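Below is one structure, written out as C-alpha cells; comments come after it.
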Amino acid sequence: MGLLSKKDSKLILDPLADNNPITIQVLGICSALAITAQLKASIVMTISVIFVMGVGNVVMSLIRNIIPSKIRIIVQLTVVASLVIIVDQVLKAYSYQLSKELGAFIGLIITNCIIMGRFEAFALGNGVWRSFLDGIGNALGYGIILIIVGFFRELLGSGTLLGYKVLGDPIEKTGLYATGYENNGFMLLAPMALIVVGIIIWVQRSKNPALVEDH
Amino acid sequence: MGLKQNLHNFKEKNKDKKWLPAFSAIHTFLFLPNETTHGGTHIKAADDLKRTMNTVIMALIPCLIFGMFNAGYQHHAAINGFTEGMSFFSPEFWTLDNFTLGFWKILPLVIVSYGVGLGIEFIFAIIKGHEVEEGYLVTGMLVPLIVPIDIPLWMLAVAVVFGVVIGKEVFGGTGMNILNPALTIRAFLFFAYPTWMSGDKVWVHGAVERAGTPDAISGETMLGSLAQNNEVSYSIMDMFYGFIPGSVGETSTLLILLGGLFLIFTKIGSWRIMLSSVVGALVMGLIFNFVVDSGWITESSKFYGLMSTTFWHHLLIGGFAFGAVYMATDPVTASQTNKGKWIYGFFIGFISIMIRVFNPAYPEGVMLAILLMNVFAPTIDHYVVQGNVKRRMKRLKAKTA
C-alpha cells in the first residue's frame, strides 16, 4: 500500500482478520444475529456502520481534547445518535422498503458495542487520520462477517442471493429444487446465525492457532 | 496363529498409519485387544462404553422391528381400512407384507444414519489423532427411530452431519456434549424442514405422494388430531400396543416399557429419571384435566382437545414414553446426582406436556423439554452438590461448637 504507511495499513487490516470485532472480540453479535437473514440487509448494515464509525471516530478525535472526561460517554452517545439519525433518514428517503425491513436495527447501531468501544479505546487517544482508518477498519471487519453470514443464510435459507433465485424456483421446482432439494428453514432463524458465526470462529482459529486462548 | 494374533500383528505393523484409529474401532468392537493398560488405576468391569452402548441398542431392537411392521401396517390400513380391536399378536399386524414394506423404508434410514455419523466420527478421530469414540453407536440407532418414515435421506444426512459436528464434536466429542445428539439431529430437522417433520402427511408412508390425488390417505398423528380438536378413533389398547401413526420407533408404549425395564435391570438407564418424568407428565396432565373440569376452558378453546385428554393417556400418545426411557436417561447429558435426577426428570415430564398442550405447532414437546433440561442439568447438579456441602458444613459446625 503506497498510500498508507505500514503502521496505518495495519489499522485497516488487523480488524479484518486477527483482531476482528465479531470473531475475536465478540462484540456486535446482536446485530449480526438479527439482520443477516438477507444478504442485502447485511450489506446495507455494513455500509451504515462504516459511515457511522468512520465519521464518528473522526469527530471524537477532533473534540477529544476539549470534552471533560466525566461526560465523555454522553458526548459519545450524542455523536453516534446524530450520525445514526442521518443514516436512518437517508434510508427512509431513498430505500423505504429496506428501512422497514431493517426496522429498529439501524437505530440500534447506537448501542453497537464496537462503535463505543472504538471511541473509548482509540479515537479518544489518537489523531484524526489514524482514528478515521481505525473506524473504517473495524467497520469493515464487522461488515465482512455480516456479509459472510448473510451470504450463507440467504443462500441456504431462501435459495436466493440479493433476491435473485440462484438455486432455481422452489414453487415451480426448477433448478436444484427439481432434484428434491429444499430450503433450510433453520437458516432463517437467529440461532443458526450464532452457529454460523461460531463456525467462522472455529475455521479462523484452526487456521491461526495463535488466536486460541490458553486455559 | 489365530485370527486374534494376526489382527494384533497387523496393528503393530501399522502403528504410525493415520488410519489406524479407524481400524482399531472396528477391531475392538468385536475383539478384546491384546494389549492392556499399564500403570494407573485399573477398574475391572465387563461393561466398558461399547458394552453399555450395545445394551441400549439391544433394548432398542424390539422398537425397531415393531416400527418396521407398523410402517407397513399403517400404510396398508390407511388404504384398506383399520382392523378394530387387535390384540398385540394379532395376525393382521404381523404379516410379511407389512414387514417387507417397513424394512425397505427403514433400512435406508438406518444405513444413512450410521454411515454418515460414523464417517464423521472416523474423520474427527483421524484429524485429532485419537481412538474412534463409541458415542455414535446409540445415537445412530435412535435417529432412524425418531424421524417420520418418509423423510428424504439427504435431509437426514445433513441433519446427522449437523448434529454430530455442532452437537458433539465441537464440545470435544463423546462424553463432553451438552445436548443429546440424537435430539439435536431431530430438532435440526424439525426447524429446518418443518414440512417433512410435522403436519398431517408425513407420518404414514405414501401419504405425501398421494396428497391431492383421489387416493389420498391421512398421515395424521394422534397428537396432530387432538391439537386441532378432532376426534380420535384409536382405542387405548391401540395406543398402548403402538398401532398408531407416528415416528418410526416410538409408537409402541408396551415395547418401550419392556425396553425401559431391561435398561433398569441392567442398570444402564436411571429408573429415577424414568419414574420422575412419568410423575411430572402425570402432574401436568392432572392440572390440565382440573382446568377443564372446573370449566375454565370450554370446547371453543383451541387448547381443549389436548387439555381434556385424560391425564394418563398422555403417556401413551406421541413420543413421550420413548423420550423418557431412551433420551432423558442419556448418562452424558442428564443430571449426575440422584436428587438432581429426580428434579431433572420431573421437569422433563412437566414441560413436555405443557409444550404439547400450549403450542400445537410443536406437538412433540418431549424433544424440546429434554433439550431444555439438558442445558439445565449441570446447574441442577451444581445446586444439589452445593446443598450437600452446606448441610455437612452445618453439621460439622454443630459438632465442633
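Ligands are numbered from 1 in the order shown, residues from 1 within each chain, and chains are lettered A, B, ... in the order they appear in the C-alpha cells.
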Going by DSSP on the backbone, which residues of region 15-260 of chain B come out as alpha helix (DSSP H)? List them as a PyMOL selection string. chain B and resi 20-30+49-80+96-128+136-145+153-167+181-192+194-197+207-210+222-227+236-241+253-260
Mind listing as a CSV table (one decimal) with C-alpha atoms, in the first residue's frame which residues of chain B are within 8 Å of chain A, counting only C-alpha atoms?
chain,number,residue,atom,x,y,z
B,188,PHE,CA,-32.4,-29.5,13.4
B,191,PHE,CA,-36.7,-26.4,12.4
B,192,ALA,CA,-35.0,-26.7,9.1
B,193,TYR,CA,-37.6,-28.8,7.2
B,194,PRO,CA,-40.8,-28.4,9.1
Near Gly260 (chain B), within 9 Å and counting only C-alpha atoms, which residues show up once chain neighbours fewer than 3 positions away are dropped, as a list in words?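 Returned residues: Ala59, Leu255, Ile256, Leu257, Leu263, Ile264, Phe265, Gly269, Trp271, Met274, Val325 and Tyr326 of chain B.
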Region 164-179 of chain A environment, 12 Å, only C-alpha atoms, sequence neighbours closer than 3 positions dropped, as a tab-separated table (two decimals) with C-alpha atoms, in the first residue's frame:
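Okay, this is what ended up in part.tsv:
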chain	number	residue	atom	x	y	z
A	38	GLN	CA	-30.79	-11.47	3.87
A	39	LEU	CA	-27.54	-10.55	2.16
A	40	LYS	CA	-28.91	-7.17	1.11
A	151	PHE	CA	-24.43	-14.94	2.20
A	154	GLU	CA	-29.76	-16.30	2.39
A	155	LEU	CA	-28.33	-18.93	0.05
A	156	LEU	CA	-29.24	-21.92	2.21
A	157	GLY	CA	-32.31	-20.47	3.88
A	158	SER	CA	-34.12	-18.86	0.98
A	159	GLY	CA	-32.18	-20.18	-2.01
A	160	THR	CA	-31.60	-16.63	-3.22
A	161	LEU	CA	-28.75	-14.11	-3.27
A	182	GLU	CA	-35.45	-27.87	-0.12
A	183	ASN	CA	-34.61	-24.66	1.65
A	184	ASN	CA	-33.32	-24.98	5.16
B	152	PRO	CA	-35.83	-37.71	2.41
B	154	TRP	CA	-30.38	-36.36	2.12
As number ranges by chain, please: the residues near Thr329 (chain B) (cut-off 12 Å, only C-alpha atoms, same-chain neighbours under 2 positions excluded). B: 56, 180, 260, 263-264, 267-277, 321-327, 331-336, 341-342, 344-345, 348, 370, 373-374, 377
In Å to one decimal, how far is CA of Gly127 (chain A) from CA of Ser61 (chain A)?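 Separation of CA of Ser61 (chain A) and CA of Gly127 (chain A): 6.1 Å.
Contact shell of region 26-29 of chain A at 6 Å (only C-alpha atoms; same-chain neighbours under 3 positions omitted): Pro21, Ile22, Thr23, Ala32, Asn112, Cys113 and Ile114 of chain A.
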I'd like the interatomic distance between CA of Leu60 (chain B) and CA of Pro378 (chain B), to a tenth of an Å.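 About the pair CA of Leu60 (chain B) and CA of Pro378 (chain B): they are 27.2 Å apart.
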So the first atom is CA of Leu162 (chain A) and the second is CA of Leu133 (chain A); what is the distance between them in Å, to one decimal place?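 CA of Leu133 (chain A) lies 28.7 Å from CA of Leu162 (chain A).
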Contacts of Lys11 (chain B) at 8 Å or less, counting only C-alpha atoms, minus same-chain residues fewer than 3 places along, as number ranges by chain? B: 7-8, 14-15, 20, 24
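Checking B:Leu49, B:Leu258, B:Ile151, B:Ile244 one by one against Phe82 (chain B), counting only C-alpha atoms, you find the shortest gap at B:Ile244.
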